[in-house]
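Peer 1: My questions all concern the structure below.
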Amino acid sequence: MATQTAGSAEPGEGSVDAAALTEWLRAVAASIAEHATELTDLDAAIGDADHGSNLDRGMSALVGVLDESHPETGDSTVDALLKSAAMTLISTVGGASGALYGTLFLRMAAAAGPVNALDAKGFAAALRAGVDGVVARGKAELQDKTMLDALIPACDALDAALAAGGSLADGLQAAAAAAAAGRDATVPLVARKGRASYLGERSAGHQDPGATSATLIVEAAAATLGGPPSAGPGGG
Amino acid sequence: MGSEAAAEERTVGVVLVSHSRALAAAALEMARQMAGTGAVRIETAAGVSGPDGADLLGTDASAIAEAMQRADDGAGVVVLTDLGSALLSAGLALDLLPDGLRDRVVVSPGPFVEGLMIAAIAAGTGAPLASVAEQAGAALLMKQSGA
């Protein structure tokens, strides 16, 4: 049975329910599939050339789970759906990104709790909890040339937009732009975590594949969650 | 921690976490032959399965959590990892464990092969979790000093 807690919302315009989350996860899967070769090529430069194929395998498995369980038509709670996504990625991705994105969705699920929908602040708080989980799991910081270089600025931009009175759609547009800027800023960085850190200075000059996939995930959220932006020129 | 009397009848278990099923199986075989560890539970969690059942390199935190549960008889578990995401996945596996077990699983910083040998031998002597974990973690120092 779903309970109402701070940050939860009735399903409806601008709220994030199981149907909206399903749409987001499907959009992530489509985007990862479209960019799988690019992600693997980025990883070939500084990693072990498997980021795109690993994530694509995991997201394809997740789509299979969504196809079977149809959480968008049932009464799936936010945490049940996010936990199911996490466990699927954990069991199928294989690399560090499986443990890290699995942690992201698991911690989002724990923060969201057994509610039917999240409001804007509830979604932002869940995302922040997920990203904090990635920080704790990977023991990485900003500018270590990891997915956090996209995820942390995205959370900051989302929180700032909501604090300024913006809608979830506005906040996610800002988050996507911040993630992309953070991703681009990984190019000159020297990797301090993961396989790329074995290269030392030679990791500079390459865009980080983890920050690239993280940006795709935030961009997919901006494209699917919160309805249309309330103002401004819109995303591109 | 269990009672002292019960603890005497139990042995610490070991979990091997590797990206490669072949590597984990070979390390386990070495431990069985060289450390004489027949009575010690050593479980492996290695590789991931592809959609077509293919054997892929990688680590799976839920499989690691299951191996931790199999390896525990109440005395606790020491976990040895090969590299990279094996450590991340082992940490995530702790999150997936029931509350009681999480407190008696130690993810060791010890080297994969040497840590396994020393953990298996120590566990076979009936040493408690803290001692097995300490000896496995110190295995790298032994190698550095040429022992």
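In the structure tokens, the first chain shown is A, the next is B, and so on; residue numbers restart at 1 for each chain, and ligands run from 1 in the order shown.
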Per residue of chain B within 6 Å of chain A, note the shortest atom pair and the distance in Å to one decimal, counting only C-alpha atoms, and order the rows by chain and increasing residue number, as a Markdown table.
Peer 2:
```
| residue | atom | partner | partner_atom | distance |
| --- | --- | --- | --- | --- |
| B:Val48 | CA | A:Gly94 | CA | 5.9 |
| B:Gly58 | CA | A:Gly94 | CA | 4.1 |
| B:Thr59 | CA | A:Gly94 | CA | 4.9 |
| B:Asp60 | CA | A:Ser91 | CA | 5.1 |
| B:Ser85 | CA | A:Ala96 | CA | 4.5 |
| B:Ser89 | CA | A:Ala99 | CA | 5.4 |
```
Peer 1: Find the residues around stretch 133-143 of chain B up to 9 Å (only C-alpha atoms counted), leave out those fewer than 5 positions away in its own chain, and share them as a PyMOL selection string.
Peer 2: chain B and resi 77-80+106-111+114-120+122+128
Peer 1: Would you list, as a list of chain:residue names, the residues of stretch 2-147 of chain B that end up in strand (DSSP E) under DSSP run on this structure's backbone?
Peer 2: B:Gly13, B:Val14, B:Val15, B:Leu16, B:Val17, B:Ser18, B:Ile42, B:Glu43, B:Thr44, B:Ala45, B:Ala46, B:Val48, B:Ser49, B:Asp55, B:Leu56, B:Val77, B:Val78, B:Val79, B:Leu80, B:Thr81, B:Val105, B:Val106, B:Val107
Peer 1: Rounded to one decimal in Å, what is the spacing between atom CA of B:Gly50 and atom CA of A:Ala196?
Peer 2: 24.4 Å
Peer 1: Using only C-alpha atoms, pick whichever of B:Ile121, B:Ala75, B:Val132, B:Leu28 has the shortest atom-to-atom distance to B:Glu9.
Peer 2: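 Looking at the shortest contact to B:Glu9, the residue is B:Ala75.
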Peer 1: Can you pull out every residue within 10 Å of B:Ala39, counting only C-alpha atoms, but drop anything in the same chain fewer than 6 positions away, and send it as a CSV table (one decimal) with all heavy atoms, in the first residue's frame?
Peer 2:
```
chain,number,residue,atom,x,y,z
B,11,THR,N,33.3,-21.9,11.2
B,11,THR,CA,34.5,-21.4,10.6
B,11,THR,C,34.1,-20.2,9.7
B,11,THR,O,33.0,-20.2,9.1
B,11,THR,CB,35.2,-22.4,9.7
B,11,THR,OG1,34.2,-23.0,8.8
B,11,THR,CG2,35.8,-23.5,10.5
B,13,GLY,N,33.9,-18.1,6.5
B,13,GLY,CA,33.8,-18.4,5.1
B,13,GLY,C,34.6,-17.4,4.2
B,13,GLY,O,34.9,-16.3,4.7
B,32,ARG,N,42.4,-25.0,-2.8
B,32,ARG,CA,42.1,-26.4,-2.4
B,32,ARG,C,43.3,-27.3,-2.3
B,32,ARG,O,43.5,-28.1,-1.4
B,32,ARG,CB,41.1,-27.0,-3.3
B,32,ARG,CG,39.7,-26.4,-3.3
B,32,ARG,CD,38.9,-26.8,-2.1
B,32,ARG,NE,37.5,-26.2,-2.1
B,32,ARG,CZ,37.0,-25.6,-1.1
B,32,ARG,NH1,37.6,-25.5,0.1
B,32,ARG,NH2,35.8,-25.1,-1.1
B,120,ALA,N,42.1,-18.7,3.7
B,120,ALA,CA,41.6,-20.1,3.7
B,120,ALA,C,42.3,-20.8,4.8
B,120,ALA,O,41.7,-21.6,5.6
B,120,ALA,CB,41.8,-20.7,2.4
B,123,ALA,N,41.1,-19.5,8.2
B,123,ALA,CA,39.8,-19.9,8.5
B,123,ALA,C,39.7,-21.4,8.9
B,123,ALA,O,39.0,-21.8,9.8
B,123,ALA,CB,38.9,-19.7,7.3
B,124,GLY,N,40.6,-22.2,8.3
B,124,GLY,CA,40.7,-23.6,8.6
B,124,GLY,C,41.2,-23.9,10.0
B,124,GLY,O,40.9,-25.0,10.5
B,125,THR,N,41.9,-23.0,10.6
B,125,THR,CA,42.3,-23.2,12.0
B,125,THR,C,41.3,-22.8,12.9
B,125,THR,O,41.5,-22.9,14.2
B,125,THR,CB,43.6,-22.3,12.3
B,125,THR,OG1,43.2,-20.9,12.2
B,125,THR,CG2,44.7,-22.5,11.3
```
Peer 1: Would you kindly return, as a list of chain:residue names, each protein, DNA or RNA residue with an atom no farther than 9 Å from any atom of stretch 186-192 of chain A, considering only C-alpha atoms and excluding same-chain residues fewer than 4 positions away?
Peer 2: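 Skipping anything fewer than 4 positions along the chain leaves A:Ile46, A:Ala140, A:Gln143, A:Asp144, A:Lys145, A:Thr146, A:Asp149, A:Ala150, A:Ala181, A:Gly182, A:Ala196, A:Ser197, A:Tyr198, A:Leu199, A:Gly200, A:Glu201, A:Arg202, A:Ser203, A:Ala204, A:Gly205, A:His206, A:Gln207, A:Asp208, A:Ala211.
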